[in-house]
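Student: Have a look at the structure that comes next, please.
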Number of protein chains: 2
Amino acid sequence: MTVGMRHDDLRRRNRAMVIAATRRGGQASRTEIAAITGLSHSTISAISSDLIAERILTQTRQDAPALKRGRPQVGLALNPQAACVVTLMLSLNSLSAVSLDYAGNVLDEEHRRLDTRALPRDKLIDECLTMLGRRLRHPARQARPVLRVVLATQGITDAEARSMLWSPITPHTDIAFADLLEAEFSIPVTVENDCNMMAEALRWRDPERYRDDFIAILLSHGIGMGLVLKGSMFTGTHSSGVEFGHMVHRPDGALCRCGRRGCIEAYAGSYAIWRNAAGHDGNEEPRGDIDEAEMQALAEAARSHDGPERRAFRIAGEALGFGLGSLFALIDPAPVAMVGLNAAAFDLIEPALREAIARTAGGHHSGSITFDTEPDQIALLREGCAMRALTFVDHRIFAGGRPSQDDPAALHSSLIA
Amino acid sequence: MTVGMRHDDLRRRNRAMVIAATRRGGQASRTEIAAITGLSHSTISAISSDLIAERILTQTRQDAPALKRGRPQVGLALNPQAACVVTLMLSLNSLSAVSLDYAGNVLDEEHRRLDTRALPRDKLIDECLTMLGRRLRHPARQARPVLRVVLATQGITDAEARSMLWSPITPHTDIAFADLLEAEFSIPVTVENDCNMMAEALRWRDPERYRDDFIAILLSHGIGMGLVLKGSMFTGTHSSGVEFGHMVHRPDGALCRCGRRGCIEAYAGSYAIWRNAAGHDGNEEPRGDIDEAEMQALAEAARSHDGPERRAFRIAGEALGFGLGSLFALIDPAPVAMVGLNAAAFDLIEPALREAIARTAGGHHSGSITFDTEPDQIALLREGCAMRALTFVDHRIFAGGRPSQDDPAALHSSLIA
DNA sequence: GAGACTTTTTTCGAGCCTCGAAAAAAGTGT
DNA sequence: ACACTTTTTTCGAGGCTCGAAAAAAGTCTC
């Protein structure tokens with residue numbers, strides 16, 4: 001709050017709001033936007049006609065034939081030709097890329113399996129560079145200027161979203177992907193944590209439930225979290241933060257993949273569940289290669305009879321419950337979405353989780369805490385990255401007004417060159 | 001970001017910034033303010049002459065005789081007559097009130113000892129009402145309009161800062177102090193958590209160290225925390241939140257004052273240190289009445305020889321260290337201030353704390369985490385409340401422009417009546 | 001001590017931006 | 001075909017900030 005506000009900042013903000021309302025609202029009319037934003041009709045009219053002249057928005061006759069009397073509303077929509085964004089998703093042993101038009105439609109995509117853990121540093125970087133390059137040269141893009149690239153990865157990124165600091169997918173650390181990709185293609189890039197992108201996707205999927213405060217927990221080989229508080233993504237002061245999986249569950253307890261002891265993940269990650277189900281103790285070195293079928297088999301066994309498998313899921317639930325209890329002591333309870341492979345086994349986890357949470361300070365209202373499950377983490381990640389990239393274009397580029405109104409090709413070359 | 005921005009919002013913000021710069025800067029000149037805010041000289045000139053005409057700011061000849069050439073800068077200062085604020089501080093067995101002028105000078109104050117735990121609900125409320133009433137009628141206030149009351153209390157308040165939800169100082173819960181006081185005096189009131197106010201005070205005391213991200217930990221009978229992240233006070237979604245003392249240190253561990261088990265406070269609060277030093281186990285019911293001398297004696301004993309006292313402080317350090325480690329996993333490390341009685345014994349706590357933190361994920365850079373101690377929590381609380389009240393007047397009242405420019409008495413009666 | 005010099009502050013016209021009211025537009029209903 | 005309803009645009013007014021120029025209030029120099 002130390003920097004003054006000028007006249008054009010005001011316009012910029014109001015333009016951003018019209019664009020945002022259009023992206024959210026499907027086919028919002030000027031009147032609806034005026035009501036949402038609280039601005040006058042004249043202002044909305046002026047802004048939207050600017051945006052249409054700049055080819056950012058388009059007018060579409062309302063789909064549903066007006067059954068009401070009066071002049072029919074004219075729906076505003078995003079102009080799919082206005083821009084293109086590309087998302088890159090780097091996970092253990094896989095790299096994917098998707099390019100989308102400004103309205104969010106997929107233009108083309110590519111997936112590759114890579115042995116990320118074995119790949120040398122430059123080879124890993126090179127794979128990202130070439131896959132992005134192929135998206136840029138792909139004919140489906142047509143003349144759309146590429147205005148944003150988002151690279152999402154498992155692990156920790158820096159607070160400025162420019163580097164991957166550490167990731168379980170590779171032994172290499174501090175890879176400045178944003179600098180590297182920008183140097184090659186001159187398109188603004190951010191590097192994001194995958195769980196944050198999943199949380200981003202949830203807000204768009206179900207804005208009723210996931211509005212201002214909610215939690216996305218990734219239950220997978222590791223444990224991740226995306227946290228939205230007071231309407232904005234919560235990140236650490238120096239890194240992407242929210243390493244929920246590495247909060248301490250039991251001081252000096254079971255061995256975690258991160259090399260430390262007693263982390264929540266060391267009780268609730270796939271490898272921990274497997275370790276407990278197999279009857280090994282917490283000193284056993286974590287396995288790195290547990291596949292989907294294996295976890296499903298464990299869940300089946302746990303459902304069929306009371307044995308070490310059921311106990312393993314119970315231990316996972318307890319660790320997650322105490323962790324959530326501690327988190328709730330800090331932020332108060334909020335809706336939770338369980339995402340990823342082991343969300344499919346949440347029925348085995350939930351009872352112990354709720355029991356543990358009720359024994360903590362955050363468990364005041366343990367009955368009112370609601371959980372939702374979403375096993376398909378890939379789809380969520382894709383959507384989240386896309387929305388992150390598109391809203392960047394909305395707020396940081398198009399809200400500021402376009403340099404040239406009539407020649408998108410010129411604009412494009414000036415940005416991509 | 002859903003509400004539009006109008007023309008007067010812009011002025012309001014820029015006025016707020018001029019006022020804020022004046023409050024921070026001591027005797028900022030117009031030129032300095034222009035540099036800080038990035039606004040033009042003309043704008044600053046217009047705004048400040050408005051503020052002076054409205055008797056919010058005053059011009060003061062620069063104290064130091066200008067040694068430079070050129071027209072000397074004219075210092076702007078807050079007009080002490082512009083307003084009055086009152087702070088009420090409710091603690092275990094004590095209630096204090098202070099009234100201050102708009103520049104932050106103390107006008108008068110009062111302290112009373114009360115047996116808060118034994119007081120019936122209405123009696124407790126009544127004490128607050130009458131003490132506030134006496135401040136309002138006190139002659140030192142003169143004609144200053146009372147524009148804000150802040151009531152700070154130990155315990156949990158609601159996110160809207162209107163009610164005390166729960167507090168260790170009284171068995172009564174959900175006391176809507178803001179509504180009650182406003183109904184009686186028609187002055188806007190907020191109810192704040194005491195640790196948050198201490199954090200607020202630290203930003204004003206040492207803005208270099210405590211700027212955008214830092215942590216204040218209250219080491220006292222209980223354990224509290226005030227957290228500033230990305231430049232703003234962090235609170236829960238429904239309550240004042242940040243109940244660091246009730247994060248889980250050891251599942252099903254020692255008995256806490258809150259009735260649950262294993263909380264950090266049950267290892268690091270005064271009663272926990274005493275309990276461990278006395279050789280009782282964690283099932284022993286917490287004592288409620290450990291005075292300062294008793295804790296000092298424990299610290300002395302711990303310093304003089306290796307015995308149960310030293311071990312008790314070590315256990316406290318360990319609990320705090322693991323707790324901070326978990327917190328740092330979420331938010332990354334930040335400067336820490338240890339506040340309150342037991343901060344004087346931080347030398348006994350620190351080694352075990354650092355050792356524990358180094359064993360957690362948050363302990364990556366455990367060497368770079370710095371601790372500062374401030375045993376005088378009362379002074380900090382007073383300052384924090386005062387600044388919270390004054391900045392409310394700055395931002396929410398004076399930034400919007402005054403109804404009457406010439407008659408502060410009329411303004412006053414309209415607000416206090 | 002008068003005039004040159006320097007720096008701060010104010011003044012003034014221009015350029016934007018939003019607003020409210022009125023007008024225009026584009027339908028439905030009779 | 002005309003009245004009615006609702007949406008959208010137009011237009012003048014009022015505010016706000018900006019840059020440039022002028023005024024103000026000192027120090028410095030000779």
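Chain lettering (A, B, ...) mirrors the order of the structure tokens, residue numbering begins at 1 for each chain separately, and ligand numbering begins at 1 in order of display.
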What are the residues of chain C that have an atom within 9 Å of an atom of chain A, counting only C-alpha atoms (C1' of nucleotides), as a JSON list (two decimals) with C-alpha atoms (C1' of nucleotides), in the first residue's frame?
Tutor:
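Saved file part_5.json follows:
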[["chain", "number", "residue", "atom", "x", "y", "z"],
["C", 16, "DC", "C1'", -8.84, 10.92, -18.69],
["C", 17, "DC", "C1'", -12.32, 8.54, -16.41],
["C", 18, "DT", "C1'", -16.82, 7.72, -14.35],
["C", 19, "DC", "C1'", -21.52, 9.16, -13.64],
["C", 20, "DG", "C1'", -26.48, 10.24, -14.35],
["C", 25, "DA", "C1'", -32.13, 0.43, -30.21],
["C", 26, "DA", "C1'", -34.30, -3.95, -30.46],
["C", 27, "DG", "C1'", -37.20, -6.84, -29.21],
["C", 28, "DT", "C1'", -42.45, -8.55, -27.40],
["C", 29, "DG", "C1'", -47.51, -7.96, -26.82]]
Student: Which residues of chain A come within 8 Å of chain B, and for each one, what is the closest pair of atoms and their distance in Å to one decimal, counting only C-alpha atoms, sorted by chain and residue number, as a tab-separated table?
Tutor:
residue	atom	partner	partner_atom	distance
A:Met1	CA	B:Met17	CA	7.4
A:Thr2	CA	B:Thr37	CA	5.9
A:Val3	CA	B:Thr37	CA	4.6
A:Gly4	CA	B:Thr37	CA	4.7
A:Met5	CA	B:Asn14	CA	6.5
A:Arg6	CA	B:Leu39	CA	7.5
A:Leu10	CA	B:Met5	CA	6.6
A:Arg13	CA	B:Met5	CA	7.3
A:Asn14	CA	B:Gly4	CA	6.0
A:Met17	CA	B:Thr2	CA	6.8
A:Ile36	CA	B:Thr2	CA	7.1
A:Thr37	CA	B:Val3	CA	4.6
A:Gly38	CA	B:Gly4	CA	5.7
A:Leu39	CA	B:Gly4	CA	5.7
A:Asp213	CA	B:Thr237	CA	7.0
A:Leu229	CA	B:Thr237	CA	7.4
A:Lys230	CA	B:Thr237	CA	7.2
A:Thr235	CA	B:Ile331	CA	6.8
A:Gly236	CA	B:Ile331	CA	4.1
A:Thr237	CA	B:Asp332	CA	5.7
A:His238	CA	B:Asp332	CA	6.3
A:Ser239	CA	B:Asp332	CA	6.9
A:Gly241	CA	B:Leu330	CA	5.3
A:Val242	CA	B:Leu330	CA	3.8
A:Glu243	CA	B:Ala329	CA	5.1
A:Phe244	CA	B:Leu330	CA	6.3
A:His246	CA	B:Ala361	CA	5.9
A:Met247	CA	B:Ser326	CA	4.3
A:Val248	CA	B:Ser326	CA	5.7
A:His249	CA	B:His249	CA	7.5
A:Arg250	CA	B:Arg250	CA	6.3
A:Pro251	CA	B:Phe322	CA	7.3
A:Arg260	CA	B:Arg359	CA	6.6
A:Arg261	CA	B:Arg359	CA	7.6
A:Phe322	CA	B:Val248	CA	6.8
A:Gly323	CA	B:Val248	CA	7.8
A:Gly325	CA	B:Met247	CA	7.2
A:Ser326	CA	B:Met247	CA	4.3
A:Leu327	CA	B:Met247	CA	7.4
A:Ala329	CA	B:Glu243	CA	5.1
A:Leu330	CA	B:Val242	CA	3.8
A:Ile331	CA	B:Gly236	CA	4.1
A:Asp332	CA	B:Gly236	CA	5.3
A:Pro333	CA	B:Thr237	CA	7.6
A:Ala334	CA	B:Thr237	CA	7.7
A:Arg359	CA	B:Arg260	CA	6.6
A:Thr360	CA	B:Arg260	CA	6.6
A:Ala361	CA	B:His246	CA	6.0
Student: For DA23 in chain D, list every protein, DNA or RNA residue within 9 Å, evaluated using only C-alpha atoms (C1' of nucleotides), and leave out those in the same chain fewer than 3 positions away; present the list as a ChimeraX atom specification.
Tutor: /C:9-11
Student: Write a file of the selected residues as a CSV table (one decimal), in the first residue's frame, keeping C-alpha atoms (C1' of nucleotides).
Tutor:
chain,number,residue,atom,x,y,z
C,9,DT,C1',5.5,24.3,-3.2
C,10,DT,C1',1.5,26.1,-5.7
C,11,DT,C1',-1.1,27.2,-9.7
Student: Could you please write out, as a PyMOL selection string, every residue of range 52-185 of chain A that DSSP assigns to strand (DSSP E or B)?
Tutor: chain A and resi 57-61+74-78+84-91+94-101+106-113+146-153+156-158+164-166+175
Student: Restricting the output to C-alpha atoms, write the selected residues as a compact mmCIF listing (two decimals), in the first residue's frame.
Tutor:
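Done, and the output landed in out.txt:
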# COMPACT_ATOMS: atom_id res chain seq x y z
CA LEU A 57 -13.99 -9.72 -26.60
CA THR A 58 -16.67 -10.57 -29.12
CA GLN A 59 -20.39 -10.00 -29.12
CA THR A 60 -22.58 -13.01 -29.55
CA ARG A 61 -26.27 -13.08 -29.85
CA VAL A 74 -26.12 -9.14 -26.01
CA GLY A 75 -23.76 -11.72 -24.61
CA LEU A 76 -20.08 -10.90 -24.36
CA ALA A 77 -17.57 -13.65 -24.91
CA LEU A 78 -13.84 -14.03 -25.03
CA CYS A 84 -2.77 -18.47 -27.15
CA VAL A 85 -1.25 -19.88 -23.97
CA VAL A 86 0.83 -22.99 -23.45
CA THR A 87 1.02 -25.15 -20.34
CA LEU A 88 3.83 -27.56 -19.56
CA MET A 89 3.34 -30.21 -16.92
CA LEU A 90 6.35 -31.98 -15.55
CA SER A 91 5.73 -35.03 -13.38
CA SER A 94 6.27 -37.74 -17.82
CA LEU A 95 6.11 -34.41 -19.56
CA SER A 96 2.99 -32.98 -21.18
CA ALA A 97 2.21 -29.80 -23.01
CA VAL A 98 -1.08 -28.26 -24.06
CA SER A 99 -1.78 -25.13 -26.05
CA LEU A 100 -5.09 -23.36 -25.69
CA ASP A 101 -6.84 -20.45 -27.32
CA VAL A 106 -7.46 -26.96 -26.44
CA LEU A 107 -5.61 -26.39 -29.69
CA ASP A 108 -3.15 -29.23 -29.52
CA GLU A 109 -1.26 -31.31 -27.00
CA GLU A 110 1.58 -33.76 -26.58
CA HIS A 111 2.66 -36.27 -23.95
CA ARG A 112 5.99 -37.98 -23.52
CA ARG A 113 7.25 -40.54 -21.07
CA VAL A 146 1.42 -16.75 -27.50
CA LEU A 147 1.25 -14.55 -24.43
CA ARG A 148 1.96 -16.87 -21.55
CA VAL A 149 3.58 -20.16 -20.65
CA VAL A 150 2.94 -21.93 -17.35
CA LEU A 151 5.18 -24.78 -16.27
CA ALA A 152 3.83 -26.80 -13.36
CA THR A 153 5.95 -29.26 -11.49
CA ILE A 156 9.00 -26.64 -4.45
CA THR A 157 9.23 -23.52 -6.58
CA ASP A 158 10.41 -20.10 -5.57
CA MET A 164 12.02 -25.13 -9.54
CA LEU A 165 13.96 -25.28 -6.28
CA TRP A 166 13.53 -28.94 -5.51
CA ILE A 175 16.51 -25.08 -12.27
Student: If you run DSSP over the backbone, which residues in range 268-388 of chain B end up alpha helix (DSSP H)? Put them as a ChimeraX atom specification.
Tutor: /B:268,270-277,292-304,308-331,346-358,377-388
Student: I'd like a table as a tab-separated table: residues in chain D with an atom no more than 6 Å from chain B, each row giving the shortest atom pair and its distance in Å to one decimal, only C-alpha atoms (C1' of nucleotides) counted, sorted by chain and rising residue number.
Tutor:
residue	atom	partner	partner_atom	distance
D:DA25	C1'	B:Arg71	CA	4.7
D:DG26	C1'	B:Arg71	CA	4.5
D:DT27	C1'	B:Arg69	CA	4.8
Student: Atoms to include: N, CA and C atoms (P, O5', C5', C4', C3', O3' and C1' of nucleotides). Write the selected residues as a PDB file, in the first residue's frame.
Tutor:
ATOM      1  P    DA D  25       6.629  32.351   1.240  1.00  0.00           P
ATOM      2  O5'  DA D  25       8.065  31.815   1.637  1.00  0.00           O
ATOM      3  C5'  DA D  25       8.271  30.426   1.785  1.00  0.00           C
ATOM      4  C4'  DA D  25       9.742  30.148   1.874  1.00  0.00           C
ATOM      5  C3'  DA D  25      10.521  31.195   2.689  1.00  0.00           C
ATOM      6  O3'  DA D  25      11.401  30.531   3.581  1.00  0.00           O
ATOM      7  C1'  DA D  25      11.534  30.848   0.606  1.00  0.00           C
ATOM      8  P    DG D  26      11.709  31.173   5.031  1.00  0.00           P
ATOM      9  O5'  DG D  26      13.148  30.618   5.417  1.00  0.00           O
ATOM     10  C5'  DG D  26      14.319  31.242   4.920  1.00  0.00           C
ATOM     11  C4'  DG D  26      15.073  30.250   4.067  1.00  0.00           C
ATOM     12  C3'  DG D  26      16.564  30.559   3.917  1.00  0.00           C
ATOM     13  O3'  DG D  26      17.291  29.838   4.897  1.00  0.00           O
ATOM     14  C1'  DG D  26      15.566  30.077   1.790  1.00  0.00           C
ATOM     15  P    DT D  27      18.745  30.297   5.289  1.00  0.00           P
ATOM     16  O5'  DT D  27      19.638  29.879   4.044  1.00  0.00           O
ATOM     17  C5'  DT D  27      19.901  28.502   3.778  1.00  0.00           C
ATOM     18  C4'  DT D  27      20.861  28.385   2.610  1.00  0.00           C
ATOM     19  C3'  DT D  27      22.260  28.926   2.897  1.00  0.00           C
ATOM     20  O3'  DT D  27      23.217  28.070   2.284  1.00  0.00           O
ATOM     21  C1'  DT D  27      21.330  30.080   1.059  1.00  0.00           C
TER      22       DT D  27
END
Student: What does the structure give for the distance between CA of Arg141 in chain B and CA of Gln81 in chain B, in Å to one decimal?
Tutor: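 Taking CA of Arg141 in chain B and CA of Gln81 in chain B, their separation equals 9.1 Å.
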Student: Please provide the set of residues having any atom within 12 Å of DT29 in chain D, restricted to only C-alpha atoms (C1' of nucleotides), with same-chain residues fewer than 2 positions apart removed, written as a count of residues only.
Tutor: 6
Student: I want to know what sits within 10 Å of DT10 in chain D, based on only C-alpha atoms (C1' of nucleotides), with residues of the same chain fewer than 2 positions away left out; could you give that as a ChimeraX atom specification?
Tutor: /A:42 /C:22-24 /D:8,12
Student: Which residues are near Thr373 in chain A? Cut-off 7 Å, only C-alpha atoms (C1' of nucleotides), ignore same chain within fewer than 2 positions. Put them as a list of chain:residue names.
Tutor: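 Selected residues are A:Ala337, A:Met338, A:Val339, A:Ala343, A:Phe371, A:Pro375.
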Student: Have a look at CA of Ala103 in chain A and CA of Asn79 in chain A and let me know their distance in Å, one decimal.
Tutor: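 For CA of Ala103 in chain A relative to CA of Asn79 in chain A, the distance reads 6.4 Å.
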Student: Calculated over only C-alpha atoms, which of the candidates B:Gly224, B:Gly104, B:Pro80, B:Gly367 has the smallest distance to Pro168 in chain B?
Tutor: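 With only C-alpha atoms as the atom set, the closest residue is B:Gly224.
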